[in-house]
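Notes for the one structure printed next.
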Amino acid sequence: MTELDALRARVASLEDERRRTFDEAQREADAMFAQYQLSQLLASGDDLAKMAPAVLAEIARTSGAGDAALWLAAPARRTLHRVASLAPSGERVSPGPGVGNELPVSFPDSTAAGRWAARAGWFGVPLEESRALGVGGAGRVALGYLAILPLPGQALDARHARYLGLVRRELALAFRAAQLRGALLRERATLAAILDGASDAIIAVDSGGRITRLNGAAARLVGAAEREGIGATCEAFLGCRPEGGGSRGCGRTCPFQEVLAHGRPLVREQVVGGVDATSIPVAASYARMTGSPSGAVGVLRDLRVTRALDALKSSFVATISHELRTPLALISGHSQSLLHLGLDAPTSRHHLERIGDAVDRLGALVDEVIDVSRLESDQLQLDRAPTDLGGLVRAFVVEQGELAGAPPITLDVPPLPKVDVDARRIRQVLANLAANTQKYAGPGAAVTIRARHLPPDSVVVTFADDGEGIDPGEHAHVFDRFFRGGRMRESRIPGSGLGLYVCRRLVEAHGGWIRLDTTRRGMSISFRLPALQ
Amino acid sequence: MGAGASAVTITAEDVVAFVGRAAVTIARHEALLDRLDAALGDGDHGTNMSTGLQTVVRALRDEAPAEAAGPLDVGALLRRIGHTLVASVGGASGPLYGTLFIEAGFALDGRHAVDLPTLARALDAGRAGLARRGRCRLGDKTILDALEPAVQALRAASAAGLAPDEAFVRAARAARAGVRATIPMVARRGLALRLGERSRGHRDPGATSCFLLFRSMLDGRTSGRPSRRRR
């Protein structure tokens with residue numbers, strides 16, 4: 001071989017090597033670009049299950065596969081469900097012997113998927129969550145299974161296998177990210193629902209004391225709009241002042257600043273100011289939020305309702321003790337007389353009758369209290385039936401006529417459609433109203449019961465007397481629990497302040513309303529009952 | 001490259017001038033391309049292309065004094081433009097346009113003056129490279145839908161012995177027709193792939209920028225430039 005030939009051969013081999021290197025570089029660049037395009041697709045932020053067909057098309061095209069399919073697992077589940085395949089119906093002829101021609105809809109786990117792929121002649125790779133991504137580091141978690149079917153007569157070459165290996169990581173990452181994103185969104189929605197649904201005011205501030213988050217209850221507490229609060233200082237929004245202290249502004253004693261500085265949770269009662277400069281007593285707890293940037297959360301419970309309940313309870317105890325003491329005193333007195341005076345039979349009988357009256361009154365009082373406690377605890381069971389209101393009212397009038405001291409009743413009740421009510425309860429409403437009149441209207445008062453059909457589905461009953469009526473200043477409270485008119489409280493007329501309250505609860509339980517007609521002389525109360533059409 | 005009817009060759013200076021015109025044209029249509037891309041991709045094709053071409057213009061200007069060894073040949077120049085595009089244009093269009101320029105550059109290796117048939121063949125090599133890298137075909141709603149008809153028109157014009165200016169006009173017209181043809185297409189490549197049928201009815205931003213590049217081959221003195229109706 002001459003020197004020239006050797007040089008030529010050398011040049012040719014170098015040229016070959018250059019071409020091979022160049023081709024290899026080109027293929028490498030092609031593969032990188034293909035992977036880049038897939039990454040872009042996966043990174044577009046859409047739900048992986050939704051864009052799975054596009055991803056599979058991309059994978060099949062790059063790997064030169066004839067078919068591709070993707071199964072994914074629900075969070076924390078092992079079962080894999082097919083989310084996409086190139087042929088939408090999932091039907092294809094599989095080259096594997098003894099294997100059905102349909103793609104499995106699901107696998108119990110990725111091992112089963114691997115067994116199926118091996119039988120069916122598909123090339124599959126499990127998608128797994130890598131340890132680095134694992135929340136809690138519980139080892140590898142199967143996320144899904146990707147399988148491709150090489151074109152008939154073609155084997156998967158090393159390049160394609162390598163591409164699939166890369167794709168598998170990309171897919172696992174994208175899917176896990178989508179799962180985490182979904183979990184985060186759900187978590188956030190749940191927290192938002194809890195926050196907004198809470199009846200206590202919840203306010204979050206940043207380290208500078210500016211409000212970053214608040215719920216509807218917080219806005220309602222001070223009577224401001226929710227959006228007014230965001231960005232405001234907690235001081236301006238709440239108009240805080242220390243309990244008992246007169247000066248506005250919480251300054252150094254701001255509980256938010258305190259928990260931010262010390263990190264210890266704080267519970268205190270304080271007074272905040274509403275927008276109309278009212279003082280609102282609240283029981284509040286404060287805690288520092290962990291994480292960065294730091295902040296603090298305060299939960300404030302409006303004490304006005306609690307305190308109103310306390311006041312009501314005191315009033316109830318006062319009323320009831322008074323109501324109990326009067327008949328008890330009577331019973332005590334009469335029984336002392338019976339015991340010590342050696343009375344004749346007719347006189348003894350008189351004392352026994354008074355004792356009987358007092359016991360009746362006590363019994364009625366206890367019944368009322370029981371009624372109220374039932375109404376309060378929502379145990380009220382209505383035994384509804386189509387009822388002839390006219391018949392009910394007439395029967396009631398007959399009953400009333402038998403009671404001593406009951407006012408005379410005039411009826412104005414035309415033929416009416418039947419009402420859908422619990423008759424016993426409505427009779428109780430009428431009885432309470434009548435008892436009310438008997439107690440408060442003054443001697444000689446007369447009652448009119450009027451009923452009218454209010455199309456389409458109402459019957460309105462008006463119960464009116466021509467007595468002394470109710471002080472206009474007290475109109476708003478007549479249906480409140482334990483409320484008794486000032487005139488009544490001063491009088492010796494017994495009463496628990498529950499009669500009209502019971503009426504209101506009963507009528508409302510029927511889906512109706514009750515109201516005081518303030519334009520009339522005397523007392524006129526109307527209530528609505530549901531009529532059958 | 002607008003070499004004029006008398007000049008039959010294209011030089012590195014023509015290429016540099018073309019890149020300058022392309023950068024201006026793309027910058028002027030940046031918002032349009034972004035808007036087109038917003039419907040199909042991530043809405044940054046105009047910004048990406050504009051930034052990339054301006055980087056190319058700066059690179060060519062700044063590196064010019066270093067070329068003491070003599071002017072770059074057209075092939076090396078195209079490859080340098082291609083590499084700069086790969087590195088500076090975001091998204092998939094950087095590697096794709098880069099491949100177009102690099103592959104065309106390989107075909108013109110060592111040449112300081114290029115005649116029209118050679119240029120057309122080089123662009124066809126660039127087209128083949130882009131199609132391979134993007135694994136796209138005509139009708140996939142990609143750059144190729146403007147590029148392929150334009151290169152074919154250029155080859156036909158050069159085979160017919162037309163002057164470069166006239167050939168470039170025909171290429172630009174073919175590219176524009178190609179852009180229009182992408183409107184009813186369903187995307188089969190790129191980010192628009194995930195839209196499926198919903199990609200129908202939108203002009204492809206890549207094909208549009210490709211048309212704008214072909215239009216920039218005309219130097220503006222030439223009559224018969226494509227209509228401006230599309231603005």
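We name chains A, B, ... following the order of the structure tokens; residues begin at 1 in each chain, and ligands are numbered from 1 as shown.
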
Practice task
Tell me which protein, DNA and RNA residues are within 7 Å of segment 419-423 of chain A, counting only C-alpha atoms, leaving out same-chain ones fewer than 2 positions away, and put them as a list in words.
Solution key: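 Returned residues: Leu382, Asp383, Arg384, Ala385, Pro386, Thr387, Asp388, Leu389, Pro417, Arg425, Ile426, Arg427, His510, Leu529, Pro530, Ala531 and Leu532 of chain A.
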
Next, write the just-selected residues to a file, as a PDB file, in the first residue's frame, keeping N, CA, C and O atoms as the atom set.
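The new file again-v5.pdb reads:
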ATOM      1  N   LEU A 382     -95.099  17.882  64.409  1.00  0.00           N
ATOM      2  CA  LEU A 382     -96.429  18.310  63.983  1.00  0.00           C
ATOM      3  C   LEU A 382     -97.165  17.110  63.404  1.00  0.00           C
ATOM      4  O   LEU A 382     -96.615  16.369  62.594  1.00  0.00           O
ATOM      5  N   ASP A 383     -98.386  16.956  63.856  1.00  0.00           N
ATOM      6  CA  ASP A 383     -99.204  15.860  63.351  1.00  0.00           C
ATOM      7  C   ASP A 383    -100.188  16.470  62.365  1.00  0.00           C
ATOM      8  O   ASP A 383    -101.352  16.679  62.672  1.00  0.00           O
ATOM      9  N   ARG A 384     -99.695  16.788  61.196  1.00  0.00           N
ATOM     10  CA  ARG A 384    -100.489  17.554  60.239  1.00  0.00           C
ATOM     11  C   ARG A 384    -101.568  16.703  59.580  1.00  0.00           C
ATOM     12  O   ARG A 384    -101.336  15.531  59.282  1.00  0.00           O
ATOM     13  N   ALA A 385    -102.701  17.335  59.332  1.00  0.00           N
ATOM     14  CA  ALA A 385    -103.771  16.682  58.573  1.00  0.00           C
ATOM     15  C   ALA A 385    -104.634  17.778  57.964  1.00  0.00           C
ATOM     16  O   ALA A 385    -104.688  18.891  58.491  1.00  0.00           O
ATOM     17  N   PRO A 386    -105.270  17.500  56.839  1.00  0.00           N
ATOM     18  CA  PRO A 386    -106.210  18.490  56.280  1.00  0.00           C
ATOM     19  C   PRO A 386    -107.311  18.747  57.302  1.00  0.00           C
ATOM     20  O   PRO A 386    -107.963  17.810  57.762  1.00  0.00           O
ATOM     21  N   THR A 387    -107.444  19.993  57.680  1.00  0.00           N
ATOM     22  CA  THR A 387    -108.336  20.327  58.797  1.00  0.00           C
ATOM     23  C   THR A 387    -109.320  21.409  58.382  1.00  0.00           C
ATOM     24  O   THR A 387    -108.948  22.364  57.703  1.00  0.00           O
ATOM     25  N   ASP A 388    -110.570  21.245  58.828  1.00  0.00           N
ATOM     26  CA  ASP A 388    -111.582  22.281  58.591  1.00  0.00           C
ATOM     27  C   ASP A 388    -111.429  23.324  59.691  1.00  0.00           C
ATOM     28  O   ASP A 388    -111.773  23.082  60.850  1.00  0.00           O
ATOM     29  N   LEU A 389    -110.896  24.476  59.340  1.00  0.00           N
ATOM     30  CA  LEU A 389    -110.577  25.498  60.333  1.00  0.00           C
ATOM     31  C   LEU A 389    -111.844  26.005  61.026  1.00  0.00           C
ATOM     32  O   LEU A 389    -111.868  26.253  62.228  1.00  0.00           O
ATOM     33  N   PRO A 417    -111.051  26.898  52.416  1.00  0.00           N
ATOM     34  CA  PRO A 417    -110.362  25.656  52.047  1.00  0.00           C
ATOM     35  C   PRO A 417    -109.735  25.035  53.285  1.00  0.00           C
ATOM     36  O   PRO A 417    -109.484  25.737  54.272  1.00  0.00           O
ATOM     37  N   ARG A 425    -102.342  21.670  68.017  1.00  0.00           N
ATOM     38  CA  ARG A 425    -101.426  22.800  68.189  1.00  0.00           C
ATOM     39  C   ARG A 425    -102.108  24.126  67.886  1.00  0.00           C
ATOM     40  O   ARG A 425    -101.878  25.123  68.556  1.00  0.00           O
ATOM     41  N   ILE A 426    -102.972  24.103  66.870  1.00  0.00           N
ATOM     42  CA  ILE A 426    -103.648  25.350  66.512  1.00  0.00           C
ATOM     43  C   ILE A 426    -104.666  25.711  67.606  1.00  0.00           C
ATOM     44  O   ILE A 426    -104.856  26.884  67.940  1.00  0.00           O
ATOM     45  N   ARG A 427    -105.286  24.682  68.186  1.00  0.00           N
ATOM     46  CA  ARG A 427    -106.200  24.945  69.309  1.00  0.00           C
ATOM     47  C   ARG A 427    -105.415  25.575  70.464  1.00  0.00           C
ATOM     48  O   ARG A 427    -105.880  26.490  71.137  1.00  0.00           O
ATOM     49  N   HIS A 510     -95.509  25.670  61.509  1.00  0.00           N
ATOM     50  CA  HIS A 510     -96.423  25.325  60.423  1.00  0.00           C
ATOM     51  C   HIS A 510     -96.057  26.023  59.122  1.00  0.00           C
ATOM     52  O   HIS A 510     -96.772  25.915  58.137  1.00  0.00           O
ATOM     53  N   LEU A 529    -101.882  30.438  58.170  1.00  0.00           N
ATOM     54  CA  LEU A 529    -101.754  28.982  58.126  1.00  0.00           C
ATOM     55  C   LEU A 529    -101.762  28.530  56.674  1.00  0.00           C
ATOM     56  O   LEU A 529    -102.384  29.162  55.823  1.00  0.00           O
ATOM     57  N   PRO A 530    -101.062  27.443  56.360  1.00  0.00           N
ATOM     58  CA  PRO A 530    -101.026  26.978  54.975  1.00  0.00           C
ATOM     59  C   PRO A 530    -102.340  26.311  54.579  1.00  0.00           C
ATOM     60  O   PRO A 530    -102.815  25.412  55.261  1.00  0.00           O
ATOM     61  N   ALA A 531    -102.923  26.790  53.478  1.00  0.00           N
ATOM     62  CA  ALA A 531    -104.188  26.231  52.997  1.00  0.00           C
ATOM     63  C   ALA A 531    -103.901  25.207  51.906  1.00  0.00           C
ATOM     64  O   ALA A 531    -102.940  25.323  51.155  1.00  0.00           O
ATOM     65  N   LEU A 532    -104.762  24.192  51.841  1.00  0.00           N
ATOM     66  CA  LEU A 532    -104.662  23.226  50.748  1.00  0.00           C
ATOM     67  C   LEU A 532    -105.436  23.781  49.569  1.00  0.00           C
ATOM     68  O   LEU A 532    -106.530  24.305  49.726  1.00  0.00           O
TER      69      LEU A 532
END

Report as an mmCIF file with C-alpha atoms, in the first residue's frame the set of chain A residues whose atoms approach chain B to within 8 Å, with distances computed over only C-alpha atoms.
data_model
loop_
_atom_site.group_PDB
_atom_site.id
_atom_site.type_symbol
_atom_site.label_atom_id
_atom_site.label_comp_id
_atom_site.auth_asym_id
_atom_site.auth_seq_id
_atom_site.Cartn_x
_atom_site.Cartn_y
_atom_site.Cartn_z
ATOM 1 C CA ALA A 29 -30.593 16.866 19.177
ATOM 2 C CA ASP A 30 -33.788 15.357 17.729
ATOM 3 C CA PHE A 33 -36.115 18.415 21.110
ATOM 4 C CA ALA A 34 -38.756 15.681 21.228
ATOM 5 C CA TYR A 36 -38.462 19.237 25.237
ATOM 6 C CA GLN A 37 -41.714 19.380 23.301
ATOM 7 C CA GLN A 40 -43.634 21.840 27.278
ATOM 8 C CA LEU A 41 -46.893 20.030 26.726
ATOM 9 C CA SER A 44 -48.769 23.676 30.195
ATOM 10 C CA MET A 51 -54.413 16.064 27.883
ATOM 11 C CA PRO A 53 -54.565 11.849 24.319
ATOM 12 C CA ALA A 54 -52.261 14.644 23.121
ATOM 13 C CA VAL A 55 -49.391 13.304 25.223
ATOM 14 C CA GLU A 58 -46.718 12.820 20.938
ATOM 15 C CA ARG A 61 -45.056 9.697 17.112
ATOM 16 C CA THR A 62 -41.656 10.117 18.695
#

Quick one: DSSP strand (DSSP E) residues in segment 183-215 of chain A, as an mmCIF file with N, CA, C and O atoms, in the first residue's frame?
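Below is the file that was written, states.cif:
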data_model
loop_
_atom_site.group_PDB
_atom_site.id
_atom_site.type_symbol
_atom_site.label_atom_id
_atom_site.label_comp_id
_atom_site.auth_asym_id
_atom_site.auth_seq_id
_atom_site.Cartn_x
_atom_site.Cartn_y
_atom_site.Cartn_z
ATOM 1 N N ALA A 201 -65.736 35.218 64.338
ATOM 2 C CA ALA A 201 -64.956 36.076 63.461
ATOM 3 C C ALA A 201 -63.522 35.572 63.437
ATOM 4 O O ALA A 201 -62.942 35.286 64.484
ATOM 5 N N ILE A 202 -62.971 35.411 62.235
ATOM 6 C CA ILE A 202 -61.585 34.963 62.110
ATOM 7 C C ILE A 202 -60.823 36.013 61.309
ATOM 8 O O ILE A 202 -61.247 36.401 60.215
ATOM 9 N N ILE A 203 -59.731 36.479 61.876
ATOM 10 C CA ILE A 203 -58.963 37.537 61.234
ATOM 11 C C ILE A 203 -57.490 37.147 61.240
ATOM 12 O O ILE A 203 -56.954 36.761 62.274
ATOM 13 N N ALA A 204 -56.862 37.216 60.070
ATOM 14 C CA ALA A 204 -55.433 36.938 59.990
ATOM 15 C C ALA A 204 -54.712 38.238 59.669
ATOM 16 O O ALA A 204 -55.177 39.021 58.831
ATOM 17 N N VAL A 205 -53.607 38.481 60.353
ATOM 18 C CA VAL A 205 -52.828 39.688 60.084
ATOM 19 C C VAL A 205 -51.393 39.296 59.753
ATOM 20 O O VAL A 205 -50.923 38.223 60.123
ATOM 21 N N ASP A 206 -50.697 40.194 59.033
ATOM 22 C CA ASP A 206 -49.279 39.957 58.782
ATOM 23 C C ASP A 206 -48.476 40.546 59.930
ATOM 24 O O ASP A 206 -49.047 41.063 60.900
ATOM 25 N N ILE A 211 -54.400 43.409 57.993
ATOM 26 C CA ILE A 211 -55.259 42.246 57.814
ATOM 27 C C ILE A 211 -55.030 41.632 56.436
ATOM 28 O O ILE A 211 -55.072 42.313 55.414
ATOM 29 N N THR A 212 -54.735 40.312 56.439
ATOM 30 C CA THR A 212 -54.515 39.631 55.170
ATOM 31 C C THR A 212 -55.699 38.759 54.794
ATOM 32 O O THR A 212 -55.880 38.413 53.639
ATOM 33 N N ARG A 213 -56.516 38.403 55.776
ATOM 34 C CA ARG A 213 -57.633 37.511 55.493
ATOM 35 C C ARG A 213 -58.663 37.695 56.591
ATOM 36 O O ARG A 213 -58.294 37.872 57.750
ATOM 37 N N LEU A 214 -59.924 37.667 56.222
ATOM 38 C CA LEU A 214 -60.948 37.680 57.252
ATOM 39 C C LEU A 214 -62.178 37.003 56.700
ATOM 40 O O LEU A 214 -62.329 36.868 55.490
#

Problem - Contacts of segment 441-448 of chain A at 6 Å (only C-alpha atoms; same-chain gap of 5+ positions) as a list in words - result: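 Residues meeting the cut-off are Pro407, Pro408, Ile409, Thr410, Leu411, Ala464, Asp465, Asp466, Gly467 and Glu468 of chain A.
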
With all heavy atoms retained, write the just-selected residues as a PDB file, in the first residue's frame.
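Result went into result.pdb, see below:
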ATOM      1  N   PRO A 407    -113.728  35.411  77.895  1.00  0.00           N
ATOM      2  CA  PRO A 407    -114.447  36.479  77.190  1.00  0.00           C
ATOM      3  C   PRO A 407    -115.387  35.891  76.137  1.00  0.00           C
ATOM      4  O   PRO A 407    -115.109  34.812  75.592  1.00  0.00           O
ATOM      5  CB  PRO A 407    -113.322  37.283  76.540  1.00  0.00           C
ATOM      6  CG  PRO A 407    -112.186  36.328  76.414  1.00  0.00           C
ATOM      7  CD  PRO A 407    -112.317  35.350  77.543  1.00  0.00           C
ATOM      8  N   PRO A 408    -116.471  36.583  75.889  1.00  0.00           N
ATOM      9  CA  PRO A 408    -117.365  36.124  74.813  1.00  0.00           C
ATOM     10  C   PRO A 408    -116.678  36.262  73.460  1.00  0.00           C
ATOM     11  O   PRO A 408    -115.923  37.200  73.235  1.00  0.00           O
ATOM     12  CB  PRO A 408    -118.556  37.075  74.916  1.00  0.00           C
ATOM     13  CG  PRO A 408    -118.026  38.297  75.575  1.00  0.00           C
ATOM     14  CD  PRO A 408    -116.924  37.843  76.493  1.00  0.00           C
ATOM     15  N   ILE A 409    -116.964  35.288  72.587  1.00  0.00           N
ATOM     16  CA  ILE A 409    -116.265  35.271  71.290  1.00  0.00           C
ATOM     17  C   ILE A 409    -117.272  35.385  70.161  1.00  0.00           C
ATOM     18  O   ILE A 409    -118.272  34.662  70.117  1.00  0.00           O
ATOM     19  CB  ILE A 409    -115.453  33.974  71.135  1.00  0.00           C
ATOM     20  CG1 ILE A 409    -114.377  33.892  72.231  1.00  0.00           C
ATOM     21  CG2 ILE A 409    -114.799  33.900  69.759  1.00  0.00           C
ATOM     22  CD1 ILE A 409    -113.611  32.588  72.247  1.00  0.00           C
ATOM     23  N   THR A 410    -117.029  36.299  69.254  1.00  0.00           N
ATOM     24  CA  THR A 410    -117.832  36.431  68.042  1.00  0.00           C
ATOM     25  C   THR A 410    -117.046  35.813  66.889  1.00  0.00           C
ATOM     26  O   THR A 410    -115.840  36.033  66.772  1.00  0.00           O
ATOM     27  CB  THR A 410    -118.089  37.919  67.715  1.00  0.00           C
ATOM     28  OG1 THR A 410    -118.540  38.557  68.899  1.00  0.00           O
ATOM     29  CG2 THR A 410    -119.102  38.055  66.596  1.00  0.00           C
ATOM     30  N   LEU A 411    -117.745  35.038  66.058  1.00  0.00           N
ATOM     31  CA  LEU A 411    -117.043  34.378  64.950  1.00  0.00           C
ATOM     32  C   LEU A 411    -117.368  35.051  63.628  1.00  0.00           C
ATOM     33  O   LEU A 411    -118.493  35.427  63.369  1.00  0.00           O
ATOM     34  CB  LEU A 411    -117.454  32.909  64.880  1.00  0.00           C
ATOM     35  CG  LEU A 411    -116.789  31.971  65.882  1.00  0.00           C
ATOM     36  CD1 LEU A 411    -117.196  30.540  65.590  1.00  0.00           C
ATOM     37  CD2 LEU A 411    -115.275  32.116  65.825  1.00  0.00           C
ATOM     38  N   ALA A 464    -108.926  39.257  67.645  1.00  0.00           N
ATOM     39  CA  ALA A 464    -108.927  40.653  68.103  1.00  0.00           C
ATOM     40  C   ALA A 464    -109.806  40.808  69.327  1.00  0.00           C
ATOM     41  O   ALA A 464    -110.860  40.178  69.450  1.00  0.00           O
ATOM     42  CB  ALA A 464    -109.419  41.565  66.982  1.00  0.00           C
ATOM     43  N   ASP A 465    -109.338  41.661  70.246  1.00  0.00           N
ATOM     44  CA  ASP A 465    -110.225  42.008  71.358  1.00  0.00           C
ATOM     45  C   ASP A 465    -110.334  43.525  71.419  1.00  0.00           C
ATOM     46  O   ASP A 465    -109.599  44.242  70.732  1.00  0.00           O
ATOM     47  CB  ASP A 465    -109.724  41.402  72.675  1.00  0.00           C
ATOM     48  CG  ASP A 465    -108.401  41.998  73.145  1.00  0.00           C
ATOM     49  OD1 ASP A 465    -108.205  43.231  73.008  1.00  0.00           O
ATOM     50  OD2 ASP A 465    -107.536  41.227  73.636  1.00  0.00           O
ATOM     51  N   ASP A 466    -111.271  44.011  72.195  1.00  0.00           N
ATOM     52  CA  ASP A 466    -111.458  45.465  72.270  1.00  0.00           C
ATOM     53  C   ASP A 466    -111.027  45.979  73.634  1.00  0.00           C
ATOM     54  O   ASP A 466    -111.594  46.892  74.185  1.00  0.00           O
ATOM     55  CB  ASP A 466    -112.924  45.837  71.980  1.00  0.00           C
ATOM     56  CG  ASP A 466    -113.878  45.084  72.907  1.00  0.00           C
ATOM     57  OD1 ASP A 466    -113.378  44.258  73.709  1.00  0.00           O
ATOM     58  OD2 ASP A 466    -115.093  45.307  72.816  1.00  0.00           O
ATOM     59  N   GLY A 467    -109.997  45.337  74.147  1.00  0.00           N
ATOM     60  CA  GLY A 467    -109.537  45.693  75.483  1.00  0.00           C
ATOM     61  C   GLY A 467    -108.578  46.869  75.488  1.00  0.00           C
ATOM     62  O   GLY A 467    -108.596  47.714  74.592  1.00  0.00           O
ATOM     63  N   GLU A 468    -107.685  46.852  76.483  1.00  0.00           N
ATOM     64  CA  GLU A 468    -106.842  48.030  76.697  1.00  0.00           C
ATOM     65  C   GLU A 468    -105.637  48.065  75.765  1.00  0.00           C
ATOM     66  O   GLU A 468    -104.901  49.044  75.705  1.00  0.00           O
ATOM     67  CB  GLU A 468    -106.369  48.055  78.167  1.00  0.00           C
ATOM     68  CG  GLU A 468    -107.539  48.306  79.105  1.00  0.00           C
ATOM     69  CD  GLU A 468    -107.109  48.255  80.563  1.00  0.00           C
ATOM     70  OE1 GLU A 468    -105.924  48.507  80.848  1.00  0.00           O
ATOM     71  OE2 GLU A 468    -107.962  47.958  81.407  1.00  0.00           O
TER      72      GLU A 468
END

Exercise for the section: Have a look at atom CA of Leu433 of chain A and atom CA of Ile331 of chain A and let me know their distance in Å, one decimal. Expected result: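 So the answer is 27.8 Å.
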
Exercise for the section: Step one, run DSSP on the backbone; step two, keep only residues of segment 11-141 of chain B assigned to helix (DSSP H, G or I); then write them as a PyMOL selection string. Expected result: chain B and resi 12-28+30-40+45-66+74-88+93-107+116-134

Problem - d(atom CA of Ser158 of chain B, atom CA of Ala171 of chain B) in Å - result: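 The value is 10.7 Å.
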
Exercise for the section: Mind checking which residues fall within 10 Å of Arg505 of chain A, counting only C-alpha atoms, ignoring those fewer than 2 positions away in the same chain, and posting them as a list of chain:residue names? Expected result: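 Surrounding residues, per the criterion: A:Val372, A:Leu375, A:Glu376, A:Asp378, A:Leu380, A:Val429, A:Phe479, A:Leu500, A:Tyr501, A:Val502, A:Cys503, A:Val507, A:Glu508, A:Ala509, A:His510, A:Gly511, A:Gly512, A:Trp513, A:Ile514.
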
Exercise for the section: Go ahead and compute the interatomic distance for atom CA of Ala435 of chain A and atom CA of Ala406 of chain A, in Å to one decimal. Expected result: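 About the pair atom CA of Ala435 of chain A and atom CA of Ala406 of chain A: they are 7.8 Å apart.
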